[in-house]
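Have a look at work-v6.csv below; it lists CSV, C-alpha atoms.
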```
chain,number,residue,atom,x,y,z
A,1,MET,CA,71.9,139.9,23.1
A,2,HIS,CA,74.0,142.3,25.1
A,3,LEU,CA,76.0,145.3,23.9
A,4,THR,CA,79.3,144.9,25.6
A,5,SER,CA,82.3,147.2,25.7
A,6,THR,CA,85.5,146.6,27.7
A,7,CYS,CA,83.8,148.1,30.8
A,8,VAL,CA,80.0,148.4,30.3
A,9,THR,CA,77.4,145.8,29.4
A,10,ILE,CA,74.0,146.9,28.2
A,11,ALA,CA,70.9,144.7,27.6
A,12,PRO,CA,69.0,146.4,24.7
A,13,SER,CA,65.8,144.5,25.4
A,14,ARG,CA,65.6,146.1,28.8
A,15,CYS,CA,66.8,149.6,27.9
A,16,ALA,CA,64.0,152.1,27.9
A,17,GLY,CA,66.0,154.8,26.2
A,18,CYS,CA,65.5,157.3,29.0
A,19,GLY,CA,69.0,158.7,28.8
A,20,ASN,CA,69.6,158.7,32.6
A,21,CYS,CA,72.9,156.8,32.2
A,22,ILE,CA,74.1,159.3,29.6
A,23,ARG,CA,73.3,162.3,31.8
A,24,VAL,CA,75.3,161.0,34.9
A,25,CYS,CA,78.3,159.5,33.0
A,26,PRO,CA,81.3,161.6,34.0
A,27,SER,CA,83.4,160.5,31.0
A,28,ASP,CA,80.7,161.0,28.3
A,29,ILE,CA,81.2,157.5,26.8
A,30,LEU,CA,77.5,156.7,26.5
A,31,SER,CA,75.0,157.8,23.8
A,32,LEU,CA,71.6,156.8,22.4
A,33,LYS,CA,71.4,155.0,19.1
A,34,ASN,CA,67.9,154.1,17.9
A,35,SER,CA,66.6,154.9,21.4
A,36,ILE,CA,69.0,152.3,22.9
A,37,ALA,CA,72.0,153.2,25.1
A,38,HIS,CA,75.4,152.4,23.7
A,39,ALA,CA,78.9,152.6,25.0
A,40,ALA,CA,81.5,154.3,22.9
A,41,SER,CA,84.0,152.1,20.9
A,42,ASP,CA,86.7,150.3,22.8
A,43,THR,CA,89.3,152.9,21.9
A,44,SER,CA,87.2,155.5,23.9
A,45,THR,CA,86.1,153.3,26.8
A,46,ALA,CA,89.6,153.6,28.3
A,47,ARG,CA,88.1,156.8,29.7
A,48,CYS,CA,85.5,154.8,31.6
A,49,LEU,CA,86.0,155.3,35.4
A,50,GLN,CA,84.0,152.2,36.2
A,51,CYS,CA,82.2,154.3,38.8
A,52,GLY,CA,78.9,152.6,38.4
A,53,HIS,CA,76.9,155.9,38.0
A,54,CYS,CA,75.2,154.5,34.8
A,55,MET,CA,74.3,151.2,36.5
A,56,ALA,CA,72.9,153.0,39.6
A,57,ALA,CA,70.8,155.4,37.5
A,58,CYS,CA,69.2,152.9,35.2
A,59,PRO,CA,65.6,152.3,36.1
A,60,GLU,CA,65.4,149.1,34.2
A,61,SER,CA,68.6,147.4,35.5
A,62,ALA,CA,69.8,147.2,31.9
A,63,ILE,CA,73.4,148.1,32.7
A,64,THR,CA,76.1,146.1,34.4
A,65,ILE,CA,79.8,147.0,35.1
A,66,PRO,CA,81.7,143.7,35.0
A,67,ALA,CA,84.6,145.1,37.1
A,68,LEU,CA,82.3,145.9,40.0
A,69,ASP,CA,81.8,143.1,42.6
A,70,PRO,CA,78.2,143.0,43.8
A,71,ASP,CA,79.2,140.9,46.8
A,72,LEU,CA,80.8,143.9,48.3
A,73,GLN,CA,77.4,145.3,49.2
A,74,ASP,CA,76.5,142.0,51.0
A,75,PHE,CA,77.4,142.3,54.7
A,76,THR,CA,77.7,139.5,57.2
A,77,THR,CA,77.2,141.3,60.5
A,78,PHE,CA,74.2,143.4,59.5
A,79,ALA,CA,71.5,143.7,56.8
A,80,THR,CA,71.2,146.7,54.5
A,81,ASP,CA,68.7,148.0,52.1
A,82,PRO,CA,70.2,147.9,48.5
A,83,ALA,CA,67.9,150.8,47.4
A,84,TRP,CA,69.7,154.1,46.9
A,85,LEU,CA,69.2,156.7,49.7
A,86,PRO,CA,68.5,160.1,48.1
A,87,PRO,CA,70.0,163.2,49.6
A,88,GLY,CA,68.0,164.5,52.5
A,89,ARG,CA,66.0,161.3,52.9
A,90,GLY,CA,66.0,158.6,55.5
A,91,LEU,CA,68.9,159.6,57.7
A,92,PRO,CA,68.3,162.7,59.9
A,93,THR,CA,71.3,165.0,59.9
A,94,GLN,CA,71.2,165.2,63.6
A,95,ASN,CA,71.8,161.4,63.9
A,96,LEU,CA,74.8,161.6,61.6
A,97,ALA,CA,76.1,164.6,63.4
A,98,ARG,CA,75.9,162.7,66.7
A,99,LEU,CA,77.8,159.8,65.3
A,100,ILE,CA,80.5,162.0,63.8
A,101,CYS,CA,80.9,164.0,67.0
A,102,SER,CA,80.8,160.9,69.3
A,103,ARG,CA,83.6,159.1,67.6
A,104,ARG,CA,86.8,159.5,69.6
A,105,SER,CA,90.3,158.0,69.2
A,106,CYS,CA,90.4,155.0,71.6
A,107,ARG,CA,93.5,154.2,73.5
A,108,HIS,CA,92.2,151.6,76.0
A,109,TYR,CA,90.9,148.3,74.6
A,110,LYS,CA,89.6,145.1,76.0
A,111,GLN,CA,91.4,142.0,74.9
A,112,THR,CA,88.3,140.5,73.4
A,113,PRO,CA,89.2,139.6,69.8
A,114,VAL,CA,87.4,141.4,67.0
A,115,GLU,CA,85.3,139.1,64.9
A,116,LYS,CA,86.7,138.6,61.4
A,117,ASP,CA,83.2,139.1,59.9
A,118,LYS,CA,83.2,142.6,61.4
A,119,LEU,CA,86.6,143.4,60.1
A,120,THR,CA,85.6,142.2,56.7
A,121,ASP,CA,82.4,144.3,56.7
A,122,LEU,CA,84.5,147.3,57.7
A,123,ILE,CA,86.7,146.8,54.7
A,124,ARG,CA,83.6,146.4,52.5
A,125,LEU,CA,82.3,149.7,53.8
A,126,ALA,CA,85.7,151.4,53.3
A,127,VAL,CA,85.7,150.8,49.5
A,128,PHE,CA,82.5,152.8,49.1
A,129,ALA,CA,84.6,155.9,49.9
A,130,PRO,CA,85.4,158.2,47.0
A,131,SER,CA,88.8,157.9,45.3
A,132,GLY,CA,90.7,160.1,42.8
A,133,THR,CA,89.7,159.4,39.2
A,134,ASN,CA,87.7,156.5,40.8
A,135,SER,CA,90.8,154.4,40.7
A,136,GLN,CA,89.7,152.3,43.7
A,137,ALA,CA,93.3,151.1,44.0
A,138,TRP,CA,93.1,150.4,47.7
A,139,THR,CA,94.7,147.5,49.4
A,140,PHE,CA,93.9,146.2,52.9
A,141,THR,CA,96.1,144.1,55.2
A,142,CYS,CA,94.2,143.0,58.3
A,143,LEU,CA,96.0,141.8,61.5
A,144,SER,CA,93.2,140.1,63.4
A,145,SER,CA,95.0,138.8,66.5
A,146,ARG,CA,96.9,140.5,69.3
A,147,PRO,CA,100.1,138.6,68.7
A,148,GLU,CA,100.2,139.8,65.1
A,149,VAL,CA,99.7,143.4,66.2
A,150,LEU,CA,102.4,143.0,68.9
A,151,ALA,CA,104.9,141.5,66.3
A,152,LEU,CA,104.4,144.5,64.1
A,153,GLY,CA,104.8,146.8,67.1
A,154,GLN,CA,108.2,145.3,67.8
A,155,SER,CA,109.3,145.9,64.2
A,156,ILE,CA,108.2,149.5,64.4
A,157,LYS,CA,109.8,150.0,67.9
A,158,ALA,CA,113.1,148.7,66.5
A,159,PHE,CA,112.8,151.3,63.6
A,160,PHE,CA,112.4,154.1,66.1
A,161,GLU,CA,115.2,152.9,68.3
A,162,ARG,CA,117.5,153.2,65.2
A,163,MET,CA,116.1,156.6,64.5
A,164,ASN,CA,116.7,157.9,68.0
A,165,LYS,CA,120.2,156.6,68.0
A,166,LYS,CA,120.9,158.5,64.7
A,167,ALA,CA,119.2,161.6,66.1
A,168,GLU,CA,121.4,161.6,69.2
A,169,ASN,CA,124.4,162.2,67.0
A,170,PHE,CA,124.8,166.0,67.0
A,171,LEU,CA,127.4,166.1,64.2
A,172,LEU,CA,125.4,163.8,62.0
A,173,ARG,CA,122.2,165.9,62.4
A,174,LYS,CA,123.9,169.2,61.8
A,175,SER,CA,126.0,168.0,58.9
A,176,LEU,CA,123.0,166.7,57.1
A,177,ALA,CA,121.1,169.9,57.8
A,178,LEU,CA,124.0,171.9,56.4
A,179,PHE,CA,123.5,170.1,53.1
A,180,GLY,CA,119.8,170.7,53.1
A,181,ALA,CA,118.7,167.3,54.5
A,182,LYS,CA,116.9,168.6,57.6
A,183,THR,CA,114.7,165.5,58.3
A,184,LEU,CA,116.8,164.1,61.1
A,185,ASP,CA,117.2,167.5,62.8
A,186,HIS,CA,113.5,168.1,62.5
A,187,TYR,CA,112.8,164.6,64.0
A,188,TYR,CA,115.2,165.3,66.9
A,189,THR,CA,113.5,168.7,67.7
A,190,ASN,CA,109.9,167.4,67.4
A,191,TYR,CA,109.8,163.7,68.1
A,192,TYR,CA,113.0,162.4,69.8
A,193,GLU,CA,112.0,163.0,73.4
A,194,SER,CA,108.4,161.7,73.1
A,195,VAL,CA,109.5,158.6,71.2
A,196,LYS,CA,112.3,158.0,73.8
A,197,THR,CA,109.8,158.2,76.6
A,198,ALA,CA,107.3,155.9,74.8
A,199,MET,CA,110.0,153.3,74.2
A,200,GLU,CA,111.1,153.4,77.8
A,201,GLN,CA,107.5,152.8,78.9
A,202,MET,CA,107.1,149.9,76.4
A,203,GLU,CA,110.4,148.3,77.7
A,204,LYS,CA,110.1,148.9,81.4
A,205,GLU,CA,106.3,149.1,82.0
A,206,LYS,CA,105.3,146.8,79.2
A,207,ARG,CA,102.8,149.4,78.0
A,208,ASP,CA,101.8,149.4,74.4
A,209,ARG,CA,102.3,153.0,73.5
A,210,LEU,CA,102.0,152.3,69.8
A,211,PHE,CA,98.7,150.4,69.3
A,212,HIS,CA,97.4,151.0,72.9
A,213,GLY,CA,96.5,147.3,73.4
A,214,ALA,CA,94.3,147.0,70.3
A,215,PRO,CA,93.7,143.4,69.3
A,216,ALA,CA,93.3,144.2,65.6
A,217,LEU,CA,94.7,146.5,63.0
A,218,ILE,CA,93.8,147.4,59.4
A,219,LEU,CA,96.6,148.7,57.2
A,220,ILE,CA,95.3,150.7,54.2
A,221,GLY,CA,97.6,150.9,51.2
A,222,SER,CA,97.5,151.5,47.5
A,223,SER,CA,98.5,149.7,44.4
A,224,PRO,CA,100.4,151.6,41.6
A,225,GLY,CA,98.3,153.8,39.4
A,226,ALA,CA,96.1,155.7,41.8
A,227,SER,CA,96.1,159.5,41.2
A,228,CYS,CA,96.0,160.5,44.9
A,229,PRO,CA,96.6,157.3,46.9
A,230,LYS,CA,97.2,158.9,50.3
A,231,GLU,CA,93.9,160.9,50.2
A,232,ASP,CA,92.1,157.8,49.0
A,233,ALA,CA,93.4,155.7,51.9
A,234,LEU,CA,92.4,158.4,54.5
A,235,LEU,CA,88.9,158.6,53.0
A,236,ALA,CA,88.6,154.8,53.2
A,237,ALA,CA,89.9,155.0,56.8
A,238,SER,CA,87.2,157.6,57.7
A,239,ASN,CA,84.5,155.2,56.6
A,240,ILE,CA,86.1,152.5,58.9
A,241,LEU,CA,86.3,154.9,61.9
A,242,LEU,CA,82.7,155.8,61.7
A,243,ALA,CA,81.4,152.4,60.9
A,244,ALA,CA,83.5,150.8,63.7
A,245,HIS,CA,81.7,153.1,66.2
A,246,THR,CA,78.3,151.9,65.1
A,247,MET,CA,79.5,148.3,65.6
A,248,GLY,CA,80.6,148.9,69.2
A,249,LEU,CA,84.3,149.1,68.3
A,250,GLY,CA,86.8,151.7,69.3
A,251,SER,CA,89.4,152.9,66.7
A,252,CYS,CA,92.5,155.0,66.4
A,253,LEU,CA,94.6,156.1,63.5
A,254,ILE,CA,98.3,155.3,64.2
A,255,GLY,CA,100.5,157.7,62.3
A,256,TYR,CA,103.8,156.4,63.7
A,257,ALA,CA,103.2,153.0,62.2
A,258,VAL,CA,102.7,154.6,58.7
A,259,ALA,CA,105.8,156.7,59.1
A,260,ALA,CA,107.9,153.7,60.1
A,261,MET,CA,106.6,151.5,57.3
A,262,GLY,CA,107.2,154.3,54.7
A,263,ALA,CA,110.8,154.8,55.8
A,264,ASP,CA,111.6,151.1,56.2
A,265,ARG,CA,110.0,149.0,53.5
A,266,SER,CA,111.3,145.8,55.1
A,267,ILE,CA,108.5,146.1,57.7
A,268,GLN,CA,105.8,145.6,55.2
A,269,LYS,CA,107.8,142.8,53.6
A,270,GLU,CA,107.6,141.0,56.9
A,271,LEU,CA,103.8,141.2,56.6
A,272,GLY,CA,103.8,139.8,53.1
A,273,ILE,CA,102.8,143.1,51.6
A,274,PRO,CA,104.1,143.5,48.0
A,275,GLU,CA,106.9,146.1,47.5
A,276,SER,CA,104.8,147.8,44.8
A,277,GLU,CA,102.2,148.8,47.5
A,278,THR,CA,102.5,151.8,49.9
A,279,ILE,CA,100.8,151.9,53.3
A,280,HIS,CA,99.1,155.3,53.9
A,281,ALA,CA,96.9,154.6,57.0
A,282,ALA,CA,96.8,152.3,60.0
A,283,VAL,CA,93.6,151.9,62.0
A,284,ALA,CA,93.8,150.1,65.4
A,285,LEU,CA,90.5,148.4,66.3
A,286,GLY,CA,89.0,146.7,69.3
A,287,TYR,CA,86.3,146.7,71.9
A,288,PRO,CA,86.8,149.9,74.0
A,289,ASP,CA,87.7,149.8,77.6
A,290,GLU,CA,86.7,153.4,78.1
A,291,SER,CA,83.5,155.4,78.0
A,292,TYR,CA,82.5,159.1,77.8
A,293,GLN,CA,79.5,161.2,79.1
A,294,ARG,CA,79.2,163.9,76.5
A,295,ILE,CA,80.3,165.3,73.2
A,296,THR,CA,82.9,168.0,73.4
A,297,GLY,CA,83.9,170.8,71.1
A,298,ARG,CA,86.9,171.1,68.8
A,299,LYS,CA,89.5,173.8,68.2
A,300,GLN,CA,88.1,176.7,66.2
A,301,PRO,CA,89.0,176.2,62.5
A,302,ALA,CA,89.9,178.9,60.1
A,303,ILE,CA,86.8,179.5,57.9
A,304,ARG,CA,86.7,181.7,54.9
A,305,PHE,CA,83.8,182.6,52.6
A,306,ARG,CA,84.7,184.3,49.3
```

Could I get this file's structure written as C-alpha cells?
Amino acid sequence: MHLTSTCVTIAPSRCAGCGNCIRVCPSDILSLKNSIAHAASDTSTARCLQCGHCMAACPESAITIPALDPDLQDFTTFATDPAWLPPGRGLPTQNLARLICSRRSCRHYKQTPVEKDKLTDLIRLAVFAPSGTNSQAWTFTCLSSRPEVLALGQSIKAFFERMNKKAENFLLRKSLALFGAKTLDHYYTNYYESVKTAMEQMEKEKRDRLFHGAPALILIGSSPGASCPKEDALLAASNILLAAHTMGLGSCLIGYAVAAMGADRSIQKELGIPESETIHAAVALGYPDESYQRITGRKQPAIRFR
C-alpha cells in the first residue's frame, strides 16, 4: 500500500518516521501520523513545489515524486555517482574555481559536429539549475547541424537589416522619441554602427558574426507559468556553459539572437517553437578552434557589506 497525493507517493512499510522529509519540505505539506509520513490533503498539495527535497532526504527511499523523471540523471557520455554530494565534500573548491575562471566565450569553432548525445547530456545538466518557485518550466530547442544554425542566422540577419533601415530614418526616430518611444533612437545610438559593420562582413567576407561558426546551438525558453522565466533560463545556461567546457566544447551566449527572436516572433515560428513560449537565452556550441595559456582577471565589481 502507498499513501499517494497528487504530487507525493509514500510507502508506509518503508517509512522509518524519522521526520527528515518534514524538516526539508519548503511548503510544509508533510506531517507524521502514527509515526508515518503523510502528505497533506489534495486541496493543500497544490502548494507542493515538486522540488524533490523530501525524496532526496529520505534514508529509506520511501518517497517518490511522480512528476520527476529519474532518467534525467542518467547520462550517455559520462557516468555519475547518484549519491548526494554534501557541501564541502568531494570537490575541492580550487578545482571548481579553475573551471569557472577557465571558461571563456568561444568565437572560433572547428566544423566538427557536436554529438547529439553530448547536447542531450548538456540539457539534462541544465535542468538541475534552480528555478523560481521550482517551476522548472524550461524549454530547449536544439539546432544540431551547421546548416540549421546558418538558416537561423539568415533570419536574424534579415531582422537586423530591417531594424537598421528603420533606424536610418531620422524623422522616424525623433518622432517616436518625442512621444516617449525611445527604443529606436537608443538602438541607433548604441547598436546601429556595429550591426551595420557586422552585416557587411557577413555579406562581403562571408564571416559568421552572429554564431561565430558554431555547428550547434541550444535555445532556452520558457513555457507559461514560470515566476521568473528569464532568470531561470540564464541559470540553466550557466550549467550548460560550465559543463560544455568539461566536455571539451567551447560556448558563447548570443544576445543578439535572443533580442531578434523576442522582437520578431515569426523567427521562432520558423523553428517550430510554439507561440506560447519565449526564448531567453541562446548558447552557441562547438569544438573550439582557439586555446589560451592562462586565467585572466575580470573588471573590479562593486562589493558592499552591510

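Residues in contact with A:Cys228 at up to 9 Å, not including ones fewer than 6 positions away on its chain and judged by all atoms listed in the file, are Ser131, Gly132 and Thr133 of chain A.
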
- Query: Which residues come within 12 Å of A:Arg23, counting only C-alpha atoms, excluding same-chain residues fewer than 2 positions away, as a ChimeraX atom specification?
  - Reply: /A:17-21,25-32,37,53-54,57-58

Using only C-alpha atoms, find each residue of stretch 150-234 of chain A with at least one atom at most 9 Å away from an atom of stretch 259-281 of chain A; report its shortest atom-to-atom pair and that distance in Å (one decimal), sort the rows by chain and rising residue number, and return the result as CSV.
```
residue,atom,partner,partner_atom,distance
A:Leu152,CA,A:Ile267,CA,7.8
A:Ser155,CA,A:Ile267,CA,6.6
A:Ile156,CA,A:Ala260,CA,6.0
A:Lys157,CA,A:Ala260,CA,8.8
A:Phe159,CA,A:Ala260,CA,6.5
A:Phe160,CA,A:Ala260,CA,7.5
A:Ile218,CA,A:Ala281,CA,8.2
A:Leu219,CA,A:Ala281,CA,5.9
A:Ile220,CA,A:Ala281,CA,5.1
A:Gly221,CA,A:Ile279,CA,4.0
A:Ser222,CA,A:Glu277,CA,5.4
A:Ser223,CA,A:Glu277,CA,4.9
A:Pro224,CA,A:Ser276,CA,6.6
A:Pro229,CA,A:His280,CA,7.7
A:Lys230,CA,A:His280,CA,5.4
A:Glu231,CA,A:His280,CA,8.5
A:Asp232,CA,A:His280,CA,8.9
A:Ala233,CA,A:His280,CA,6.1
A:Leu234,CA,A:Ala281,CA,6.4
```

Would you kindly return, as a PDB file with C-alpha atoms, keeping the file's coordinate frame, each protein, DNA or RNA residue with an atom no farther than 12 Å from any atom of A:Ser61, considering only C-alpha atoms and excluding same-chain residues fewer than 2 positions away?
```
ATOM      1  CA  THR A   9      77.400 145.800  29.400  1.00  0.00           C
ATOM      2  CA  ILE A  10      74.000 146.900  28.200  1.00  0.00           C
ATOM      3  CA  ALA A  11      70.900 144.700  27.600  1.00  0.00           C
ATOM      4  CA  PRO A  12      69.000 146.400  24.700  1.00  0.00           C
ATOM      5  CA  SER A  13      65.800 144.500  25.400  1.00  0.00           C
ATOM      6  CA  ARG A  14      65.600 146.100  28.800  1.00  0.00           C
ATOM      7  CA  CYS A  15      66.800 149.600  27.900  1.00  0.00           C
ATOM      8  CA  ALA A  16      64.000 152.100  27.900  1.00  0.00           C
ATOM      9  CA  ASN A  20      69.600 158.700  32.600  1.00  0.00           C
ATOM     10  CA  CYS A  21      72.900 156.800  32.200  1.00  0.00           C
ATOM     11  CA  GLY A  52      78.900 152.600  38.400  1.00  0.00           C
ATOM     12  CA  CYS A  54      75.200 154.500  34.800  1.00  0.00           C
ATOM     13  CA  MET A  55      74.300 151.200  36.500  1.00  0.00           C
ATOM     14  CA  ALA A  56      72.900 153.000  39.600  1.00  0.00           C
ATOM     15  CA  ALA A  57      70.800 155.400  37.500  1.00  0.00           C
ATOM     16  CA  CYS A  58      69.200 152.900  35.200  1.00  0.00           C
ATOM     17  CA  PRO A  59      65.600 152.300  36.100  1.00  0.00           C
ATOM     18  CA  ILE A  63      73.400 148.100  32.700  1.00  0.00           C
ATOM     19  CA  THR A  64      76.100 146.100  34.400  1.00  0.00           C
ATOM     20  CA  ILE A  65      79.800 147.000  35.100  1.00  0.00           C
TER      21      ILE A  65
END
```

- Item | Between atom CA of A:Pro92 and atom CA of A:Cys106 - distance in Å to one decimal | 26.2 Å

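By chain and then residue number, the residues within 10 Å of stretch 71-86 of chain A are Ala56, Ala57, Gly90, Leu91, Glu115, Lys116, Asp117, Lys118, Leu119, Thr120, Asp121, Leu122, Ile123, Arg124, Leu125, Val127, Phe128 and Met247 of chain A, counting only C-alpha atoms and disregarding those fewer than 4 positions away in sequence.
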
- Message: Env of A:Thr197: 12 Å cut, atoms = all atoms listed in the file, seq-sep filter 5 positions within chain, self excluded. Answer as a PyMOL selection string.
- Response: chain A and resi 157+160-161+164+191-192+202-205+207+209-210

Please write the residues from the selection above to a file, keeping C-alpha atoms, as a PDB file, keeping the file's coordinate frame.
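again_13.pdb was written with the following content:
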```pdb
ATOM      1  CA  LYS A 157     109.800 150.000  67.900  1.00  0.00           C
ATOM      2  CA  PHE A 160     112.400 154.100  66.100  1.00  0.00           C
ATOM      3  CA  GLU A 161     115.200 152.900  68.300  1.00  0.00           C
ATOM      4  CA  ASN A 164     116.700 157.900  68.000  1.00  0.00           C
ATOM      5  CA  TYR A 191     109.800 163.700  68.100  1.00  0.00           C
ATOM      6  CA  TYR A 192     113.000 162.400  69.800  1.00  0.00           C
ATOM      7  CA  MET A 202     107.100 149.900  76.400  1.00  0.00           C
ATOM      8  CA  GLU A 203     110.400 148.300  77.700  1.00  0.00           C
ATOM      9  CA  LYS A 204     110.100 148.900  81.400  1.00  0.00           C
ATOM     10  CA  GLU A 205     106.300 149.100  82.000  1.00  0.00           C
ATOM     11  CA  ARG A 207     102.800 149.400  78.000  1.00  0.00           C
ATOM     12  CA  ARG A 209     102.300 153.000  73.500  1.00  0.00           C
ATOM     13  CA  LEU A 210     102.000 152.300  69.800  1.00  0.00           C
TER      14      LEU A 210
END
```

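Taking atom CA of A:Ala243 as the reference point, atom CA of A:Pro70 is found at 19.8 Å.
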
- Item | Top pick for closest residue to A:Ala151, considering A:Pro215, A:Gly248, A:Gly88, A:Pro288 and counting only C-alpha atoms |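 Closest to A:Ala151, using only C-alpha atoms: A:Pro215.
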
- Query: What gap, in Å, lies between atom CA of A:Pro130 and atom CA of A:Leu235?
  - Reply: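 According to the coordinates, atom CA of A:Pro130 and atom CA of A:Leu235 are separated by 7.0 Å.
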